Amino acid sequence: MKQWFGFLLALIGIPLIYVLQQGIVSEWKAATDYQEVLNQSIRLESTPPDMPVLMKDGANQIFSERYVEWRSPLTLSEISNFTQQLFLQSEDRGFFKHRGYDIAAIARAVAVNSESDDIQQGASTITQQLVRMKFLSTEKTYERKFKEILYSAELEKQLTKDEILEMYLNEMYFANRVYGIGGAATYYFSRPLSELAPAEIAFLAAIPNNPSIYNPLQNFERTKARQILLLDVLAKNGVISQEEAEQYKQYPIELQVKERIDRTPMYSDYVMTEFEKIIAQKHGLAQALNNAQTTEKRHRLQAELQQVIHHYLAEGVIIHTALDQQKQIQTEQQLNATLADPLQAGGVVIDNATREIVTLYAGKHFEPTGFNRATQAVRQPGSAIKPLLVYAPLIENFGYNVATPISSHDICIGNYCPGNIGGHSYGMTPLVDAFKFSHNTAAVRALRTVGIDTAFNHLQPFQFKHVVESDHNYTAALGGFLNGFTPLEIANGFSSFIDGHYVEPSTIRLIKTTNGDVIYRKNTTSNRVWNDHTVQVMRTLLQETVLTGTATGVVHRPPYTGAKTGTTDLYKDLWVAGLSSKYTASVWIGTDNSQSVQWARDANVPARAFNILLQ
């Protein structure tokens with residue numbers, strides 16, 4: 001009885017579909033406009049897919065792809081008639097004649113389905129399949145089927161047949177998270193659709209009918225069998241000759257499955273972090289997040305940011321970066337070989353001419369999306385902070401030069417009595433000696449001369465994220481901060497010694513959608529942070545430190561190389577930061593659990609690592 005009741009209900013329903021549709025239209029119009037309601041319904045229920053994020057290096061070569069679904073959308077004009085006919089002849093021969101549904105086909109399906117408790121034969125047109133893919137669930141119920149027909153009829157009013165066919169060919173599922181015929185071509189054959197042979201296209205066309213059964217990576221022979229069936233259909237319907245069909249059947253199918261490109265995850269991971277930061281700033285969410293007073297508000301803003309980011313990802317994004325791919329790979333290999341377990345490192349290289357980050361070293365044994373020691377390891381800087389907090393402000397405000405005498409006598413400020421390495425007291429000494437030999441007492445005395453507030457004001461242009469109010473004390477002169485700095489932050493600060501100007505170094509030059517619309521272009525506006533005299537004296541001090549001071553392990557590369565070392569208590573953190581004529585760089589050496597690494601200092605590992613970054 002149940003089967004017969006369903007059969008009779010379906011038979012009654014088929015002639016009434018058109019009447020039902022018109023009745024619903026009239027009913028909806030009584031309250032509001034039917035077109036608007038249905039349009040909103042479709043938009044709300046359709047979830048835009050995430051297109052791939054492609055990253056290109058400084059030479060315009062793709063070095064990373066990020067995607068959950070692999071897609072490569074094509075316009076209908078880019079899809080050959082042969083390809084279109086493969087789907088039209090096998091899925092919906094009456095596509096250009098019906099209004100979105102085919103009553104005769106539905107009747108045939110009802111006759112088959114009435115013999116079972118389940119719907120087995122779909123009788124779906126291409127329009128119906130598209131509606132199901134984008135707007136409806138795939139459950140097999142009569143209620144969903146009627147809704148599918150109504151949506152299909154409305155979609156045919158909103159779009160042309162060509163637009164529907166184009167959308168369909170780009171939405172079909174080809175197994176293995178591959179969508180669209182363009183994506184299938186580049187995924188399974190590593191070539192664009194335009195370069196595939198007819199036999200290869202027919203092989204791909206076999207997959208969507210049942211992607212689990214015809215998954216070519218698991219069931220190649222089944223896929224091949226359906227390819228033959230499709231070619232026979234084309235021959236039978238006069239799209240190709242029988243001779244062509246036989247020729248295509250004999251064509252060898254050799255899959256060349258696409259491998260996801262991510263050659264330098266140390267760099268690409270940070271590119272995505274910077275991408276999110278740029279989008280947040282573009283939409284005014286970065287400042288709002290910084291000013292959020294409650295956890296609830298911060299969570300709401302974070303959710304809003306993720307929605308905005310998803311919007312861009314749905315369009316497809318191409319990110320042009322400054323990556324020097326050869327230098328990045330060479331740096332990773334050499335630093336990995338230099339660091340003996342359990343040593344770790346974080347390093348950054350900035351191009352002096354462009355103020356762009358060309359290399360990032362995230363650490364040995366780095367895993368994609370893992371902890372990036374170049375950008376996330378916040379460590380005490382030791383004496384590496386002296387050039388930025390102490391000596392540049394001293395020179396800027398008081399006009400000191402390399403020969404200006406400075407006191408390296410013992411000093412106590414209240415209960416704070418810092419000492420020099422080895423407990424030595426040096427008396428009066430030229431500024432260059434106090435700097436290159438890293439006299440602690442001279443640095444503290446210089447900070448007192450400048451004034452704590454004035455000195456910290458000089459750090460503001462660099463926007464160091466982890467500096468807090470409690471850091472404003474004399475211990476900061478020797479690197480005593482509550483939190484500290486990342487290697488990226490230290491390198492950013494030292495880039496101001498290139499010419500006295502500061503431009504926040506970045507990895508990203510340009511962000512575009514796959515359609516070519518520009519989302520972001522790097523702004524190269526700079527801020528003047530040091531005068532010419534300060535820059536000249538600081539560069540001399542840094543160079544003297546390489547030639548005859550604490551950084552003698554750093555290779556001097558003419559015409560210029562300058563650097564400053566930093567070591568924290570118990571040798572837990574080792575630093576070298578500085579610049580050559582071409583690059584600015586910083587490197588931190590230590591362990592993830594803050595063990596003493598004095599042996600690494602004695603083996604000159606920091607200088608060796610710094611040399612690798614600068615080469």
# chains A, B, ... in the order shown; residues from 1 in each chain; ligands from 1
>>> closest_atom_pairs(of="range 210-253 of chain A", to="range 64-88 of chain A", cutoff="12 Å", atoms="only C-alpha atoms", output="Markdown table")
| residue | atom | partner | partner_atom | distance |
| --- | --- | --- | --- | --- |
| A:Arg226 | CA | A:Leu86 | CA | 11.7 |
| A:Gln227 | CA | A:Leu86 | CA | 9.8 |
| A:Ile228 | CA | A:Leu86 | CA | 11.6 |
| A:Leu229 | CA | A:Leu86 | CA | 10.6 |
| A:Leu230 | CA | A:Leu86 | CA | 6.8 |
| A:Leu231 | CA | A:Leu86 | CA | 8.0 |
| A:Asp232 | CA | A:Leu86 | CA | 10.5 |
| A:Val233 | CA | A:Leu86 | CA | 8.4 |
| A:Leu234 | CA | A:Leu86 | CA | 6.9 |
| A:Ala235 | CA | A:Leu86 | CA | 10.6 |
| A:Asn237 | CA | A:Gln85 | CA | 10.0 |
| A:Gly238 | CA | A:Gln85 | CA | 10.6 |
| A:Val239 | CA | A:Gln85 | CA | 7.5 |
| A:Ile240 | CA | A:Phe82 | CA | 8.6 |
>>> residues_around(residues="range 569-585 of chain A", least_positions_apart="4", cutoff="8 Å", atoms="only C-alpha atoms", output="NGL selection string")
:A and (347-353 or 379-382 or 384 or 490-491 or 494-495 or 498 or 542 or 551 or 557-565 or 589-591 or 594-598 or 601 or 606-607 or 610 or 613-614)
>>> write_last_selection(atoms="N, CA and C atoms", output="tab-separated table (two decimals), in the first residue's frame")
chain	number	residue	atom	x	y	z
A	347	GLY	N	65.12	33.20	12.82
A	347	GLY	CA	65.88	34.20	12.08
A	347	GLY	C	65.06	34.90	11.02
A	348	VAL	N	65.44	36.13	10.71
A	348	VAL	CA	64.74	36.96	9.73
A	348	VAL	C	65.75	37.71	8.90
A	349	VAL	N	65.47	37.82	7.59
A	349	VAL	CA	66.32	38.60	6.69
A	349	VAL	C	65.44	39.60	5.94
A	350	ILE	N	65.85	40.87	5.97
A	350	ILE	CA	65.12	41.96	5.31
A	350	ILE	C	66.00	42.53	4.21
A	351	ASP	N	65.41	42.75	3.05
A	351	ASP	CA	66.13	43.39	1.94
A	351	ASP	C	66.20	44.89	2.21
A	352	ASN	N	67.42	45.43	2.27
A	352	ASN	CA	67.60	46.84	2.61
A	352	ASN	C	66.96	47.79	1.59
A	353	ALA	N	66.97	47.41	0.32
A	353	ALA	CA	66.47	48.30	-0.73
A	353	ALA	C	64.96	48.42	-0.71
A	379	ARG	N	61.52	36.47	23.35
A	379	ARG	CA	62.66	36.17	24.22
A	379	ARG	C	63.35	37.44	24.70
A	380	GLN	N	64.01	37.32	25.85
A	380	GLN	CA	64.80	38.43	26.38
A	380	GLN	C	65.93	38.76	25.39
A	381	PRO	N	66.14	40.06	25.09
A	381	PRO	CA	67.09	40.41	24.03
A	381	PRO	C	68.54	40.57	24.48
A	382	GLY	N	68.79	40.64	25.80
A	382	GLY	CA	70.15	40.92	26.24
A	382	GLY	C	70.63	42.24	25.65
A	384	ALA	N	71.37	43.00	22.77
A	384	ALA	CA	70.93	43.29	21.40
A	384	ALA	C	69.97	44.48	21.35
A	490	ILE	N	63.19	42.43	16.35
A	490	ILE	CA	64.56	42.96	16.45
A	490	ILE	C	65.09	43.34	15.07
A	491	ALA	N	64.86	42.49	14.08
A	491	ALA	CA	65.30	42.82	12.72
A	491	ALA	C	64.59	44.07	12.21
A	494	PHE	N	66.29	47.11	13.75
A	494	PHE	CA	67.63	47.36	13.18
A	494	PHE	C	67.56	47.87	11.75
A	495	SER	N	66.45	47.62	11.04
A	495	SER	CA	66.34	48.13	9.67
A	495	SER	C	66.31	49.65	9.64
A	498	ILE	N	69.47	51.45	8.39
A	498	ILE	CA	69.85	51.47	6.97
A	498	ILE	C	70.08	52.92	6.54
A	542	LEU	N	78.38	49.69	15.03
A	542	LEU	CA	78.05	48.30	14.69
A	542	LEU	C	79.17	47.65	13.89
A	551	ALA	N	81.40	40.89	18.29
A	551	ALA	CA	80.83	40.19	17.12
A	551	ALA	C	81.90	39.82	16.11
A	557	ARG	N	81.55	41.61	5.34
A	557	ARG	CA	81.36	41.59	3.89
A	557	ARG	C	81.45	43.03	3.38
A	558	PRO	N	82.56	43.39	2.74
A	558	PRO	CA	82.71	44.76	2.23
A	558	PRO	C	81.57	45.07	1.24
A	559	PRO	N	81.14	46.32	1.17
A	559	PRO	CA	81.76	47.47	1.83
A	559	PRO	C	81.30	47.67	3.28
A	560	TYR	N	80.23	46.97	3.72
A	560	TYR	CA	79.78	47.23	5.08
A	560	TYR	C	79.16	45.99	5.72
A	561	THR	N	79.50	45.76	6.97
A	561	THR	CA	78.81	44.79	7.82
A	561	THR	C	78.89	45.31	9.25
A	562	GLY	N	77.76	45.38	9.92
A	562	GLY	CA	77.73	45.80	11.31
A	562	GLY	C	76.78	44.92	12.09
A	563	ALA	N	77.08	44.69	13.38
A	563	ALA	CA	76.23	43.80	14.17
A	563	ALA	C	76.40	44.07	15.65
A	564	LYS	N	75.42	43.59	16.42
A	564	LYS	CA	75.48	43.64	17.88
A	564	LYS	C	75.05	42.29	18.41
A	565	THR	N	75.78	41.80	19.40
A	565	THR	CA	75.44	40.53	20.03
A	565	THR	C	74.59	40.78	21.27
A	589	ILE	N	69.25	32.29	19.21
A	589	ILE	CA	69.66	30.91	19.44
A	589	ILE	C	69.34	30.55	20.88
A	590	GLY	N	68.74	29.39	21.09
A	590	GLY	CA	68.42	28.93	22.44
A	590	GLY	C	67.72	27.59	22.38
A	591	THR	N	66.96	27.27	23.42
A	591	THR	CA	66.15	26.05	23.42
A	591	THR	C	64.72	26.44	23.77
A	594	SER	N	64.24	26.94	27.52
A	594	SER	CA	65.13	27.92	28.17
A	594	SER	C	66.25	27.30	28.98
A	595	GLN	N	66.94	26.32	28.40
A	595	GLN	CA	68.13	25.77	29.04
A	595	GLN	C	69.33	26.68	28.76
A	596	SER	N	70.35	26.53	29.58
A	596	SER	CA	71.60	27.23	29.31
A	596	SER	C	72.26	26.65	28.07
A	597	VAL	N	72.71	27.55	27.17
A	597	VAL	CA	73.38	27.09	25.95
A	597	VAL	C	74.75	27.77	25.85
A	598	GLN	N	75.45	27.83	26.97
A	598	GLN	CA	76.76	28.46	26.97
A	598	GLN	C	77.70	27.78	25.99
A	601	ARG	N	77.38	29.32	22.70
A	601	ARG	CA	78.06	30.62	22.64
A	601	ARG	C	79.55	30.40	22.45
A	606	PRO	N	75.88	31.48	17.33
A	606	PRO	CA	75.10	32.63	16.89
A	606	PRO	C	75.73	33.36	15.70
A	607	ALA	N	77.03	33.58	15.76
A	607	ALA	CA	77.70	34.28	14.65
A	607	ALA	C	77.64	33.45	13.37
A	610	PHE	N	74.20	33.80	11.98
A	610	PHE	CA	74.02	35.13	11.41
A	610	PHE	C	74.71	35.22	10.05
A	613	LEU	N	72.51	33.80	7.41
A	613	LEU	CA	71.41	34.68	7.03
A	613	LEU	C	71.86	35.78	6.08
A	614	LEU	N	73.05	36.31	6.30
A	614	LEU	CA	73.52	37.44	5.50
A	614	LEU	C	74.10	37.05	4.15
>>> closest_residue(among="A:Asn593, A:Thr454, A:Thr507, A:Gln129", to="Pro342 in chain A", atoms="only C-alpha atoms")
A:Asn593
>>> select_by_dssp(residues="range 237-461 of chain A", states="strand (DSSP E)", output="list in words")
Val317, Ile318, Ile319, His320, Thr321, Gln344, Ala345, Gly346, Gly347, Val348, Val349, Ile350, Asp351, Glu356, Ile357, Val358, Thr359, Leu360, Tyr361, Pro405, Ile406, Ser407, Met428, Thr429 and Pro430 of chain A
>>> write_last_selection(atoms="N, CA, C and O atoms", output="CSV table (one decimal), in the first residue's frame")
chain,number,residue,atom,x,y,z
A,317,VAL,N,42.4,33.9,-4.0
A,317,VAL,CA,43.4,35.0,-3.7
A,317,VAL,C,44.7,34.6,-4.3
A,317,VAL,O,45.2,33.4,-4.1
A,318,ILE,N,45.4,35.5,-4.9
A,318,ILE,CA,46.8,35.4,-5.3
A,318,ILE,C,47.6,36.4,-4.5
A,318,ILE,O,47.4,37.6,-4.6
A,319,ILE,N,48.6,35.9,-3.7
A,319,ILE,CA,49.4,36.8,-2.9
A,319,ILE,C,50.8,36.8,-3.5
A,319,ILE,O,51.5,35.8,-3.5
A,320,HIS,N,51.2,38.0,-3.9
A,320,HIS,CA,52.6,38.3,-4.4
A,320,HIS,C,53.5,38.7,-3.2
A,320,HIS,O,53.2,39.6,-2.5
A,321,THR,N,54.6,37.9,-3.0
A,321,THR,CA,55.5,38.2,-1.9
A,321,THR,C,56.9,38.5,-2.3
A,321,THR,O,57.2,38.5,-3.5
A,344,GLN,N,67.7,25.5,19.1
A,344,GLN,CA,66.7,26.0,18.2
A,344,GLN,C,67.1,27.4,17.8
A,344,GLN,O,68.0,28.0,18.4
A,345,ALA,N,66.4,27.9,16.8
A,345,ALA,CA,66.7,29.2,16.3
A,345,ALA,C,65.5,29.9,15.6
A,345,ALA,O,64.7,29.2,15.1
A,346,GLY,N,65.5,31.2,15.6
A,346,GLY,CA,64.6,31.9,14.8
A,346,GLY,C,65.3,33.0,14.1
A,346,GLY,O,66.2,33.7,14.7
A,347,GLY,N,65.1,33.2,12.8
A,347,GLY,CA,65.9,34.2,12.1
A,347,GLY,C,65.1,34.9,11.0
A,347,GLY,O,64.1,34.3,10.5
A,348,VAL,N,65.4,36.1,10.7
A,348,VAL,CA,64.7,37.0,9.7
A,348,VAL,C,65.8,37.7,8.9
A,348,VAL,O,66.8,38.2,9.4
A,349,VAL,N,65.5,37.8,7.6
A,349,VAL,CA,66.3,38.6,6.7
A,349,VAL,C,65.4,39.6,5.9
A,349,VAL,O,64.4,39.2,5.3
A,350,ILE,N,65.8,40.9,6.0
A,350,ILE,CA,65.1,42.0,5.3
A,350,ILE,C,66.0,42.5,4.2
A,350,ILE,O,67.2,42.8,4.4
A,351,ASP,N,65.4,42.8,3.0
A,351,ASP,CA,66.1,43.4,1.9
A,351,ASP,C,66.2,44.9,2.2
A,351,ASP,O,65.2,45.6,2.4
A,356,GLU,N,61.6,44.6,2.5
A,356,GLU,CA,60.7,43.4,2.5
A,356,GLU,C,61.4,42.2,3.1
A,356,GLU,O,62.7,42.1,3.1
A,357,ILE,N,60.7,41.4,3.7
A,357,ILE,CA,61.2,40.2,4.3
A,357,ILE,C,61.4,39.1,3.3
A,357,ILE,O,60.4,38.6,2.6
A,358,VAL,N,62.7,38.7,3.0
A,358,VAL,CA,63.0,37.8,1.9
A,358,VAL,C,63.2,36.4,2.5
A,358,VAL,O,63.1,35.4,1.7
A,359,THR,N,63.5,36.2,3.8
A,359,THR,CA,63.7,34.9,4.3
A,359,THR,C,63.3,34.9,5.8
A,359,THR,O,63.5,35.9,6.5
A,360,LEU,N,62.7,33.8,6.2
A,360,LEU,CA,62.2,33.5,7.6
A,360,LEU,C,62.7,32.1,8.0
A,360,LEU,O,62.4,31.2,7.3
A,361,TYR,N,63.4,32.0,9.1
A,361,TYR,CA,63.7,30.7,9.6
A,361,TYR,C,63.0,30.5,10.9
A,361,TYR,O,63.1,31.2,11.9
A,405,PRO,N,83.8,60.7,25.2
A,405,PRO,CA,84.0,59.9,26.4
A,405,PRO,C,82.7,59.5,27.1
A,405,PRO,O,81.8,60.3,27.2
A,406,ILE,N,82.7,58.3,27.6
A,406,ILE,CA,81.5,57.9,28.4
A,406,ILE,C,82.0,57.1,29.6
A,406,ILE,O,83.0,56.3,29.5
A,407,SER,N,81.3,57.2,30.7
A,407,SER,CA,81.8,56.5,31.9
A,407,SER,C,81.4,55.1,32.0
A,407,SER,O,80.2,54.8,31.8
A,428,MET,N,86.5,55.9,32.4
A,428,MET,CA,86.1,56.7,31.2
A,428,MET,C,86.7,56.0,30.0
A,428,MET,O,87.8,55.6,29.9
A,429,THR,N,85.8,55.9,29.0
A,429,THR,CA,86.2,55.2,27.7
A,429,THR,C,85.5,55.9,26.6
A,429,THR,O,84.4,56.4,26.7
A,430,PRO,N,86.1,55.8,25.4
A,430,PRO,CA,85.4,56.3,24.2
A,430,PRO,C,84.0,55.5,24.0
A,430,PRO,O,84.0,54.3,24.3
